[in-house]
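Heads up, the thing below is written out as structure tokens.
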Amino acid sequence: MIDLKYIEKNFDEAAAKLKKKGVDPQTLEKLKTLFGQLKEANSALEAAQAEQNSMSKLFGQYKREGKDIGELKAKVDANKERIAQLQENARKAEAALYEVALAIPNFPDDSVPEGKDEEDNVELRKVLEPRVFDFEPLEHWALAEKNGWIDFERGVKLAKSRFSVLRGDAARLERALINFFLDTNREKGFEELCVPFMNNAQMLQGTGQLPKFEDDLFKIEGEDLYLIPTAEVPLTNMYNDEILPESELPVLMTGYTPCFRKEAGSAGRDTRGMIRQHQFDKVEMVAIAHPDRSDDVFEMMVQNASDILTALGLPHRVVELCTGDLGFSAARTIDLEVWLPGQNKYREISSISNTRDFQARRAKIRFKDGKKNKLVHTLNGSALAVGRTLIAIMENYQNEDGSIEIPEVLKKYM
């Protein structure tokens, strides 16, 4: 969550930063009004409590002087009732402010390029040259049909649209990719975890999926549980409401999970093939870092994801997201986009973000800095999205007859 104390003290500066991320000015004005209401409610409460303290001190004086305390007692009792109501007013004002604040995104870093959408993102570099084909490369769904790798029709029959079934070598390749990603991440110092694929609402609020993105989540009816949209949720919240020793930072974690998303805001986009599914596999990296060293961890995570793509022989580019394309929790994000020759374009395959202390404030993740408890920085990123990597291998390693080669680093897993 955003730092409310910072916003209250530096409202115009904070508002300017949030406008870069597309926050509605009316929301900011509402926030300003709620700050005023909370301040007013707290002032009234403090005045009543001060009056109560003053009157309470008079009891001893009245008794020493032989005065009747009946009238004083009546005033004290009446003020107690007034204080109870003022406490409730302050609680409601704080809750109203908190509710609005939970739906406000993180501040972008000052270094993030300004822009409205993905068209304004900045390419930092390209890695590996795309292969030059001497035939017209096919898209992955055409290759899937030739090889019997992906059964879209039965995926729809078993569930609904945007579900699919991997068959034979495609299913084996999916499993090989998961193992390769996890092994690589583990070699880089990430601890491997196997986590629940369902989390409660408090955990999803901690990483920023709730309350703003509830429409994108699959909820378990009758339970305080949701299918996770990404392993970022359980991995980050491993330390929800905990205080870590500074010596343990950074905590590096990786895990494989299926991910479940309604994709409510993507109607009509990538309806064909496996680019945008309601269920997909992903191997995630998450880091809990010291605020002074989170930038170094961020660069390491970006390089790790790029190294995996390079090891697979997949051309890709590294892109810095502009302010308008940043995710809700992110202060800075770098995307890796893999080359898909069938589509003749680069497509996102990994998104790596530093959320600074935004998630840590919501999830109460702290570290012990001497005698003080301070908020950590949390980072997350894909290494990698498995289905999209499978697609990239299909398109980049296809032969003219439609057959598909297997990258050398995966052969031991196959």
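Residues in the structure tokens are named by chain (A, B, ... in the order shown) and by number from 1 within that chain; ligands are numbered from 1 in the order shown.
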Please report as a tab-separated table every residue of range 316-353 of chain A lying within 12 Å of range 127-137 of chain A, along with the nearest atom pair and their distance in Å (one decimal), using only C-alpha atoms.
```
residue	atom	partner	partner_atom	distance
A:His316	CA	A:Val127	CA	5.4
A:Arg317	CA	A:Val127	CA	5.8
A:Val318	CA	A:Val127	CA	7.9
A:Val319	CA	A:Val127	CA	11.4
A:Leu336	CA	A:Val127	CA	10.0
A:Glu337	CA	A:Val127	CA	10.1
A:Val338	CA	A:Val127	CA	9.5
A:Trp339	CA	A:Pro130	CA	7.0
A:Leu340	CA	A:Pro130	CA	8.9
A:Pro341	CA	A:Pro137	CA	6.3
A:Gly342	CA	A:Pro137	CA	5.2
A:Gln343	CA	A:Pro137	CA	8.7
A:Asn344	CA	A:Pro137	CA	9.1
A:Lys345	CA	A:Pro130	CA	10.3
A:Tyr346	CA	A:Pro130	CA	10.3
```
Would you export the selected residues with C-alpha atoms as a JSON list (two decimals), in the first residue's frame, please?
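Output saved as again.json:
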```
[["chain", "number", "residue", "atom", "x", "y", "z"],
["A", 316, "HIS", "CA", 14.42, -11.87, -27.03],
["A", 317, "ARG", "CA", 14.51, -8.24, -26.10],
["A", 318, "VAL", "CA", 14.64, -6.41, -22.76],
["A", 319, "VAL", "CA", 12.07, -3.63, -22.36],
["A", 336, "LEU", "CA", 11.46, -9.81, -21.50],
["A", 337, "GLU", "CA", 9.79, -10.32, -24.86],
["A", 338, "VAL", "CA", 10.55, -13.46, -26.87],
["A", 339, "TRP", "CA", 10.63, -13.51, -30.67],
["A", 340, "LEU", "CA", 7.77, -15.49, -32.27],
["A", 341, "PRO", "CA", 8.55, -15.93, -36.00],
["A", 342, "GLY", "CA", 5.06, -17.25, -36.75],
["A", 343, "GLN", "CA", 3.59, -13.98, -35.48],
["A", 344, "ASN", "CA", 6.62, -11.96, -36.70],
["A", 345, "LYS", "CA", 6.73, -10.05, -33.43],
["A", 346, "TYR", "CA", 8.11, -10.05, -29.89]]
```
DSSP-assigned helix (DSSP H, G or I) members of range 108-315 of chain A, reported as number ranges by chain: A: 118-120, 140-147, 152-158, 169-187, 201-207, 214-216, 232-239, 246-248, 294-311
Just C-alpha atoms for this one: save the residues we selected as a compact mmCIF listing (two decimals), in the first residue's frame.
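Full text of again.txt as output:
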```txt
# COMPACT_ATOMS: atom_id res chain seq x y z
CA GLU A 118 2.92 -0.22 -24.14
CA GLU A 119 3.65 1.87 -27.24
CA ASP A 120 5.75 4.15 -25.01
CA HIS A 140 2.05 -22.41 -32.92
CA TRP A 141 -1.56 -23.50 -33.37
CA ALA A 142 -0.83 -24.69 -36.91
CA LEU A 143 2.26 -26.54 -35.67
CA ALA A 144 0.19 -28.02 -32.84
CA GLU A 145 -2.28 -29.42 -35.34
CA LYS A 146 0.48 -30.95 -37.49
CA ASN A 147 2.16 -32.61 -34.49
CA PHE A 152 -7.90 -27.00 -28.07
CA GLU A 153 -11.32 -28.58 -28.71
CA ARG A 154 -11.12 -31.02 -25.82
CA GLY A 155 -9.81 -28.27 -23.54
CA VAL A 156 -13.01 -26.35 -24.24
CA LYS A 157 -15.09 -29.51 -23.74
CA LEU A 158 -13.47 -30.21 -20.37
CA ASP A 169 5.70 -34.67 -26.50
CA ALA A 170 4.14 -31.28 -25.74
CA ALA A 171 3.17 -32.45 -22.24
CA ARG A 172 6.67 -33.86 -21.76
CA LEU A 173 8.22 -30.61 -23.00
CA GLU A 174 6.08 -28.60 -20.57
CA ARG A 175 7.37 -30.78 -17.71
CA ALA A 176 10.94 -30.50 -18.99
CA LEU A 177 10.72 -26.71 -19.05
CA ILE A 178 9.42 -26.58 -15.47
CA ASN A 179 12.32 -28.71 -14.27
CA PHE A 180 14.88 -26.73 -16.26
CA PHE A 181 13.59 -23.41 -14.89
CA LEU A 182 13.53 -24.63 -11.30
CA ASP A 183 16.99 -26.21 -11.54
CA THR A 184 18.45 -23.02 -13.04
CA ASN A 185 16.87 -20.81 -10.40
CA ARG A 186 18.06 -23.10 -7.62
CA GLU A 187 21.61 -22.92 -8.97
CA ALA A 201 -8.17 -13.03 0.82
CA GLN A 202 -5.67 -11.57 3.28
CA MET A 203 -2.76 -12.95 1.24
CA LEU A 204 -4.17 -11.58 -2.02
CA GLN A 205 -4.65 -8.20 -0.39
CA GLY A 206 -1.05 -8.35 0.81
CA THR A 207 0.35 -8.53 -2.73
CA GLU A 214 -11.24 -9.34 -7.70
CA ASP A 215 -13.03 -9.67 -11.06
CA ASP A 216 -9.91 -11.32 -12.51
CA GLU A 232 4.01 -14.31 -6.42
CA VAL A 233 1.07 -14.40 -3.98
CA PRO A 234 2.01 -17.41 -1.83
CA LEU A 235 5.78 -16.92 -2.15
CA THR A 236 5.74 -13.25 -1.07
CA ASN A 237 3.25 -13.95 1.70
CA MET A 238 5.41 -16.69 3.17
CA TYR A 239 6.61 -13.82 5.39
CA GLU A 246 18.67 -8.35 8.56
CA SER A 247 21.30 -11.08 8.18
CA GLU A 248 18.78 -13.30 6.33
CA SER A 294 16.88 -4.27 -3.90
CA ASP A 295 18.12 -2.67 -7.15
CA ASP A 296 21.00 -5.17 -7.28
CA VAL A 297 18.58 -8.05 -6.71
CA PHE A 298 16.32 -6.66 -9.43
CA GLU A 299 19.13 -6.63 -11.99
CA MET A 300 20.12 -10.16 -10.99
CA MET A 301 16.56 -11.42 -11.54
CA VAL A 302 16.32 -9.76 -14.96
CA GLN A 303 19.65 -11.28 -15.99
CA ASN A 304 18.63 -14.72 -14.74
CA ALA A 305 15.45 -14.77 -16.83
CA SER A 306 17.41 -13.52 -19.86
CA ASP A 307 20.08 -16.20 -19.32
CA ILE A 308 17.39 -18.91 -19.35
CA LEU A 309 16.07 -17.68 -22.69
CA THR A 310 19.62 -17.49 -24.05
CA ALA A 311 20.33 -21.05 -22.91
```
Strand (DSSP E or B) residues, from DSSP on the backbone, in range 18-170 of chain A, as an NGL selection string: :A and (122-127 or 150-151 or 165-166)
Those residues with C-alpha atoms, as an mmCIF file, in the first residue's frame please?
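Once everything was written out, this is selection-v5.cif:
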```
data_model
loop_
_atom_site.group_PDB
_atom_site.id
_atom_site.type_symbol
_atom_site.label_atom_id
_atom_site.label_comp_id
_atom_site.auth_asym_id
_atom_site.auth_seq_id
_atom_site.Cartn_x
_atom_site.Cartn_y
_atom_site.Cartn_z
ATOM 1 C CA VAL A 122 11.602 1.626 -24.038
ATOM 2 C CA GLU A 123 13.678 -1.163 -25.573
ATOM 3 C CA LEU A 124 16.961 -1.515 -23.658
ATOM 4 C CA ARG A 125 18.631 -4.256 -25.704
ATOM 5 C CA LYS A 126 18.134 -7.279 -27.922
ATOM 6 C CA VAL A 127 19.655 -10.688 -27.159
ATOM 7 C CA ILE A 150 -2.249 -29.200 -28.313
ATOM 8 C CA ASP A 151 -5.913 -30.211 -28.194
ATOM 9 C CA VAL A 165 -4.860 -29.937 -23.337
ATOM 10 C CA LEU A 166 -1.188 -30.704 -24.033
#
```
Restrict the calculation to only C-alpha atoms, then for each residue of range 164-250 of chain A with any atom at most 10 Å from an atom of range 273-280 of chain A give the closest atom pair and their distance in Å to one decimal, rows by chain and rising residue number, as a Markdown table.
```
| residue | atom | partner | partner_atom | distance |
| --- | --- | --- | --- | --- |
| A:Ser164 | CA | A:Met274 | CA | 7.6 |
| A:Asp216 | CA | A:His278 | CA | 9.8 |
| A:Leu217 | CA | A:His278 | CA | 9.9 |
| A:Phe218 | CA | A:His278 | CA | 9.5 |
| A:Pro229 | CA | A:Gln279 | CA | 8.8 |
| A:Thr230 | CA | A:Phe280 | CA | 9.5 |
```
